[in-house]
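Engineer: One structure, pasted below without further comment.
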Amino acid sequence: MAQRKNGSDRAPDHIPVQRRKRKDGRTGRQKSDLDYHLDEAQDRKTAGRKRPEGARRRPHNRITGEEKRERYQQEIGRRKERKAERAGAARGMAFFALQLVASVAFLWLLCWMDILIMEYLLGIAGVLLVLLGITLISQLAVRGKGKIIGKVFSFMMTVVLVIGSFYLYKTGGALFHIAGGSSESHKMVAVVREDDSAKELGDAEDYIFGIQYATDGENTDKALANINKKLKKSIETKVFDNMEDMAKALISEEIDIIVYDSSYQSTMEKAVEDFKSGTKVIYECEIEETQDLSLDVPVQTEPFTVYISGIDIYGNVEDMSRSDVNIIATVNPKTHQILLVTTPRDYYVEIPGISGGMRDKLTHAGNYGVDVSIDTLEELYQVSIPFYARLNFTSFINIIDILGGVDVESEFDFTTGTDAGAVVEIQEGTNHLNGQEALAFARERHALDDGDNQRGKNQQALITAMIKKMVSPSMIVKAADILDEAADSVETNMSMKQIRALIKQQLKDHSDWQIYSMAADGTPEENICYSAPNQYLYVTVPNEDTVAEIAQTINKVEAGETISGSETADGT
């Protein structure tokens, strides 16, 4: 039978063998046809074996359910990790943003206060920039715990900057409150006898009101206007020549009610022995008096004089009161010389524009306003006084405590009495005093042989000690607390611009200051005073030679001379 062709001369049964020839992977030799048939048979035999029941042949690219679940859980974990990383990065950038805002606010407040020189501002800005860089790097280039540490660091820096900004704001506010002072508060009172049936102002609307215009007539008129407004009627008045006559008329029942400035209370009590116990206040009102006493003086380059007035009350520094501390400080910013001149409170002088040629105690000038005290001292020493600073006893105590106490030089040993506020043993030489002790040192006069004159010198010593402490650059860290305390107990007409200029100059130069002290003296006697014309009061008649010497020394300081014997306040 003829053989069927299949497109080739080879027999069909040879085709499988030829197609499946391959090389041995291990030896590289070609298998023989016989070997290949044996292998094929073995494969068929193995494939035909019966598998165990339920067993399935697993494809090469399939995974089990357990493996799927494991891989799914791993993927979920990776997704959570990536999500946590993104959330952590977002939180990190949020911390960075908050720190950035706090840094900008801190710098803005420093610029707003304008008390630091440019070198300080640039240095602070550089430090803040470095701190921001640390936070940014910790969140972008660090993994693991480093990111957490970076967030904690950023949070702490933000808190510090926020607290710092708060204190800067308080400091700036205190500066604005202290500077440019131009108001005084007069507390006007209406007083009746203690046994009078009137309990309030309405009960006395039909009374005749006693008044006087010799002192403080303008504010008396303002008080009467307030009374008329409150009673809705025009009251009847009787005018007296002076405060004493008016007080006596009330006690003697010549009149039933009087109106006066409460700062004259001591004058009334001296005029009438039982005035304090025999009267009561049924009405009072506050009269604000505004005036501008400051001058546009370039305090960085030209000499200037400041009147330092210590009033004899606790509380609101704007209240009218006698001035128990009367110091003028002449400052030369070029030579860094300060001259402190103290004038006794009982100095017997004319009060320009008030006393009409009569003499009065210097302390009584404060009852008419700080401008009147300045006019009196300008007339006495023939000096221009453009600035004033008023402070009360409260400020002495608290500011000195903030400074950490002061080292005061005393000329004598003495013990302060309870009238001075505390019993303190003062030693000749250096005494470290806290606020209460320093106040007692400044107020004591009964334990001193030279009385009020030596008290004035002690007050100078205390002012000198405070200046020494405050010119040090280290005090900048306490500036916020000092100014915050001074805001309610110190008032000055020096402008913010002038105060800033002085602070910036000291921070720039770190200058040492030379402080020289002088005290006016005189002869004690009893004499008639304008404020109490019907009685003799203790006064100090000025020593004209001392007054002339002080005036000459003021001129020397203004001319640029350095006074030998000055104490040095270290500004470095």
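Here, A, B, ... name the chains of the structure tokens in the order displayed, residue numbers run from 1 inside each chain, and ligands are numbered from 1 in the same displayed order.
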I'd like the contact shell of Ala486 (chain A) - 9 Å cut-off, only C-alpha atoms, skipping same-chain residues fewer than 6 positions apart - returned as a list in words.

Structural biologist: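 With the cut-off at 9 Å, the set is Ala174, Leu175, Ile178, Leu391, Ser395, Asn398 and Ile399 of chain A.
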
Engineer: With a distance cut-off of 12 Å and only C-alpha atoms, select the neighbouring residues of Gly356 (chain A), excluding the residue or stretch itself and same-chain residues fewer than 6 positions from it, and output the selection as an MDAnalysis selection string.

Structural biologist: chainID A and resid 214:215 349:350 529:531

Engineer: Rank nothing, just name the residue among A:Gln514, A:Ile402, A:Leu537, A:Ala548 nearest to Arg359 (chain A), using only C-alpha atoms.

Structural biologist: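 Checking each of A:Gln514, A:Ile402, A:Leu537, A:Ala548 against Arg359 (chain A), counting only C-alpha atoms, the winner is A:Leu537.
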
Engineer: Nearest to Ile563 (chain A) among A:Leu339, A:Met246, A:Leu362, A:Ile251, with distances taken over only C-alpha atoms: which residue is it?

Structural biologist: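 Result for the nearest residue to Ile563 (chain A): A:Leu339.
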
Engineer: Which of these, A:Met470, A:Val383, A:Leu122, A:Met93, has the shortest distance to Phe155 (chain A) once you count only C-alpha atoms?

Structural biologist: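 Answer, going by the shortest atom-to-atom distance: A:Met93.
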
Engineer: Can you check which residues of region 99-325 of chain A DSSP gives as strand (DSSP E) on the backbone and send them as a ChimeraX atom specification?

Structural biologist: /A:183-193,208-212,236-240,257-261,279-290,304-311,323-325

Engineer: When distances are computed from only C-alpha atoms, which of A:Thr343, A:Asn367, A:Thr158, A:Thr464 shows the smallest separation from Thr135 (chain A)?

Structural biologist: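 Result for the nearest residue to Thr135 (chain A): A:Thr158.
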
Engineer: Please build the interface table for region 343-430 of chain A against region 294-313 of chain A with a cut-off of 8 Å, listing for each qualifying residue the nearest atom pair and the distance in Å to one decimal; count only C-alpha atoms, order rows by chain and increasing number, and write it as a tab-separated table.

Structural biologist:
residue	atom	partner	partner_atom	distance
A:Ile374	CA	A:Tyr307	CA	6.9
A:Ser384	CA	A:Thr305	CA	7.1
A:Ile385	CA	A:Thr305	CA	5.1
A:Pro386	CA	A:Ser294	CA	5.6
A:Phe387	CA	A:Val306	CA	4.7
A:Tyr388	CA	A:Tyr307	CA	4.4
A:Ala389	CA	A:Ile308	CA	4.9
A:Arg390	CA	A:Ser309	CA	4.7
A:Leu391	CA	A:Gly310	CA	5.2
A:Asn392	CA	A:Ile311	CA	5.1
A:Phe393	CA	A:Ile313	CA	6.5

Engineer: Selection from above, N, CA and C atoms, as a PDB file, in the first residue's frame, can you write it?

Structural biologist:
ATOM      1  N   ILE A 374       6.730 123.316  89.555  1.00  0.00           N
ATOM      2  CA  ILE A 374       7.802 123.555  88.582  1.00  0.00           C
ATOM      3  C   ILE A 374       8.097 125.049  88.485  1.00  0.00           C
ATOM      4  N   SER A 384      15.371 126.342  83.564  1.00  0.00           N
ATOM      5  CA  SER A 384      14.203 125.862  82.826  1.00  0.00           C
ATOM      6  C   SER A 384      14.005 124.380  83.116  1.00  0.00           C
ATOM      7  N   ILE A 385      12.780 124.002  83.490  1.00  0.00           N
ATOM      8  CA  ILE A 385      12.470 122.597  83.817  1.00  0.00           C
ATOM      9  C   ILE A 385      11.366 122.126  82.869  1.00  0.00           C
ATOM     10  N   PRO A 386      11.736 121.483  81.756  1.00  0.00           N
ATOM     11  CA  PRO A 386      10.714 121.068  80.781  1.00  0.00           C
ATOM     12  C   PRO A 386       9.958 119.809  81.164  1.00  0.00           C
ATOM     13  N   PHE A 387      10.536 118.973  82.024  1.00  0.00           N
ATOM     14  CA  PHE A 387       9.930 117.669  82.305  1.00  0.00           C
ATOM     15  C   PHE A 387       9.666 117.486  83.798  1.00  0.00           C
ATOM     16  N   TYR A 388       8.707 116.628  84.075  1.00  0.00           N
ATOM     17  CA  TYR A 388       8.457 116.226  85.460  1.00  0.00           C
ATOM     18  C   TYR A 388       8.170 114.733  85.514  1.00  0.00           C
ATOM     19  N   ALA A 389       8.374 114.159  86.678  1.00  0.00           N
ATOM     20  CA  ALA A 389       7.995 112.770  86.955  1.00  0.00           C
ATOM     21  C   ALA A 389       7.397 112.739  88.351  1.00  0.00           C
ATOM     22  N   ARG A 390       6.146 112.336  88.450  1.00  0.00           N
ATOM     23  CA  ARG A 390       5.471 112.251  89.749  1.00  0.00           C
ATOM     24  C   ARG A 390       5.375 110.787  90.148  1.00  0.00           C
ATOM     25  N   LEU A 391       5.715 110.482  91.365  1.00  0.00           N
ATOM     26  CA  LEU A 391       5.584 109.114  91.858  1.00  0.00           C
ATOM     27  C   LEU A 391       5.159 109.159  93.317  1.00  0.00           C
ATOM     28  N   ASN A 392       4.464 108.114  93.718  1.00  0.00           N
ATOM     29  CA  ASN A 392       4.003 108.061  95.101  1.00  0.00           C
ATOM     30  C   ASN A 392       4.721 106.969  95.873  1.00  0.00           C
ATOM     31  N   PHE A 393       4.406 106.836  97.160  1.00  0.00           N
ATOM     32  CA  PHE A 393       5.123 105.907  98.009  1.00  0.00           C
ATOM     33  C   PHE A 393       4.927 104.453  97.570  1.00  0.00           C
TER      34      PHE A 393
END

Engineer: Give the answer as one residue: which of A:Ala420, A:Met118, A:Ile554, A:Val192 has the shortest atom-to-atom distance to Arg455 (chain A), using only C-alpha atoms?

Structural biologist: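 Among A:Ala420, A:Met118, A:Ile554, A:Val192, it is A:Ala420 that comes nearest to Arg455 (chain A).
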
Engineer: Of the candidates A:Ile327, A:Leu100, A:Ala223, A:Met157, which shows the shortest atom-to-atom distance to Glu288 (chain A), using only C-alpha atoms?

Structural biologist: A:Ala223

Engineer: Near Leu140 (chain A), counting only C-alpha atoms, which residues have an atom at most 10 Å away, once you skip same-chain residues fewer than 6 positions from it, shown as a ChimeraX atom specification?

Structural biologist: /A:89,92-93,147

Engineer: Output all heavy atoms for every residue in that selection, as a PDB file, in the first residue's frame.

Structural biologist:
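After the write, selection29.pdb holds the following:
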ATOM      1  N   ALA A  89       3.011  64.791  59.014  1.00  0.00           N
ATOM      2  CA  ALA A  89       3.642  65.881  58.275  1.00  0.00           C
ATOM      3  C   ALA A  89       2.779  67.140  58.312  1.00  0.00           C
ATOM      4  O   ALA A  89       3.278  68.260  58.471  1.00  0.00           O
ATOM      5  CB  ALA A  89       3.908  65.455  56.835  1.00  0.00           C
ATOM      6  N   GLY A  92       3.078  68.642  61.721  1.00  0.00           N
ATOM      7  CA  GLY A  92       4.390  69.278  61.820  1.00  0.00           C
ATOM      8  C   GLY A  92       4.412  70.640  61.153  1.00  0.00           C
ATOM      9  O   GLY A  92       4.941  71.614  61.693  1.00  0.00           O
ATOM     10  N   MET A  93       3.825  70.728  59.959  1.00  0.00           N
ATOM     11  CA  MET A  93       3.782  72.008  59.259  1.00  0.00           C
ATOM     12  C   MET A  93       2.849  72.996  59.971  1.00  0.00           C
ATOM     13  O   MET A  93       3.070  74.202  59.923  1.00  0.00           O
ATOM     14  CB  MET A  93       3.335  71.804  57.815  1.00  0.00           C
ATOM     15  CG  MET A  93       4.306  70.953  56.990  1.00  0.00           C
ATOM     16  SD  MET A  93       6.031  71.497  57.140  1.00  0.00           S
ATOM     17  CE  MET A  93       5.954  73.127  56.418  1.00  0.00           C
ATOM     18  N   LYS A 147      10.799  63.506  64.415  1.00  0.00           N
ATOM     19  CA  LYS A 147       9.658  64.357  64.094  1.00  0.00           C
ATOM     20  C   LYS A 147       8.893  64.748  65.360  1.00  0.00           C
ATOM     21  O   LYS A 147       8.438  65.885  65.499  1.00  0.00           O
ATOM     22  CB  LYS A 147       8.728  63.642  63.113  1.00  0.00           C
ATOM     23  CG  LYS A 147       9.269  63.542  61.691  1.00  0.00           C
ATOM     24  CD  LYS A 147       8.238  62.924  60.777  1.00  0.00           C
ATOM     25  CE  LYS A 147       8.747  62.861  59.345  1.00  0.00           C
ATOM     26  NZ  LYS A 147       8.892  64.203  58.751  1.00  0.00           N
TER      27      LYS A 147
END

Engineer: Write out as a list in words each polymer residue whose atoms come within 8 Å of region 515-525 of chain A, counting only C-alpha atoms; drop sequence neighbours fewer than 5 positions from it.

Structural biologist: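 Those residues are Gln337, Ile338, Leu339, Leu340, Val341, Thr342, Thr343, Pro344, Tyr347, Asn453, Gly456, Lys457, Gln460, Thr464, Tyr538, Val539, Thr540, Val541, Pro542, Asn543, Thr546, Val547, Ile550, Ile563, Gly565, Ser566, Glu567, Thr568 and Ala569 of chain A.
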
Engineer: What's around Ala271 (chain A) at 8 Å? Count only C-alpha atoms, leave out sequence neighbours fewer than 5 positions away in its own chain, and write the answer as number ranges by chain.

Structural biologist: A: 244, 247-248, 532, 534-535

Engineer: Keeping N, CA, C and O atoms for every residue in the selection just given, could you write it to a file as a short mmCIF file (atom, residue, chain, number, x, y, z; two decimals), in the first residue's frame?

Structural biologist:
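Everything below was put into result-v9.cif:
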data_model
loop_
_atom_site.label_atom_id
_atom_site.label_comp_id
_atom_site.auth_asym_id
_atom_site.auth_seq_id
_atom_site.Cartn_x
_atom_site.Cartn_y
_atom_site.Cartn_z
N GLU A 244 -8.93 128.81 105.78
CA GLU A 244 -9.05 128.77 107.24
C GLU A 244 -10.35 129.44 107.70
O GLU A 244 -11.05 128.90 108.57
N ALA A 247 -13.23 127.13 107.05
CA ALA A 247 -13.29 126.00 107.98
C ALA A 247 -13.85 126.44 109.34
O ALA A 247 -14.68 125.76 109.95
N LYS A 248 -13.39 127.60 109.83
CA LYS A 248 -13.86 128.11 111.12
C LYS A 248 -15.35 128.45 111.06
O LYS A 248 -16.10 128.23 112.02
N ALA A 532 -1.95 129.22 104.92
CA ALA A 532 -2.51 129.25 106.28
C ALA A 532 -2.19 130.61 106.89
O ALA A 532 -1.31 130.74 107.74
N ASN A 534 -3.50 132.56 108.99
CA ASN A 534 -3.87 132.89 110.37
C ASN A 534 -3.08 132.12 111.41
O ASN A 534 -3.45 132.13 112.59
N GLN A 535 -2.03 131.43 111.01
CA GLN A 535 -1.25 130.66 111.97
C GLN A 535 0.21 130.61 111.56
O GLN A 535 0.55 130.79 110.39
#
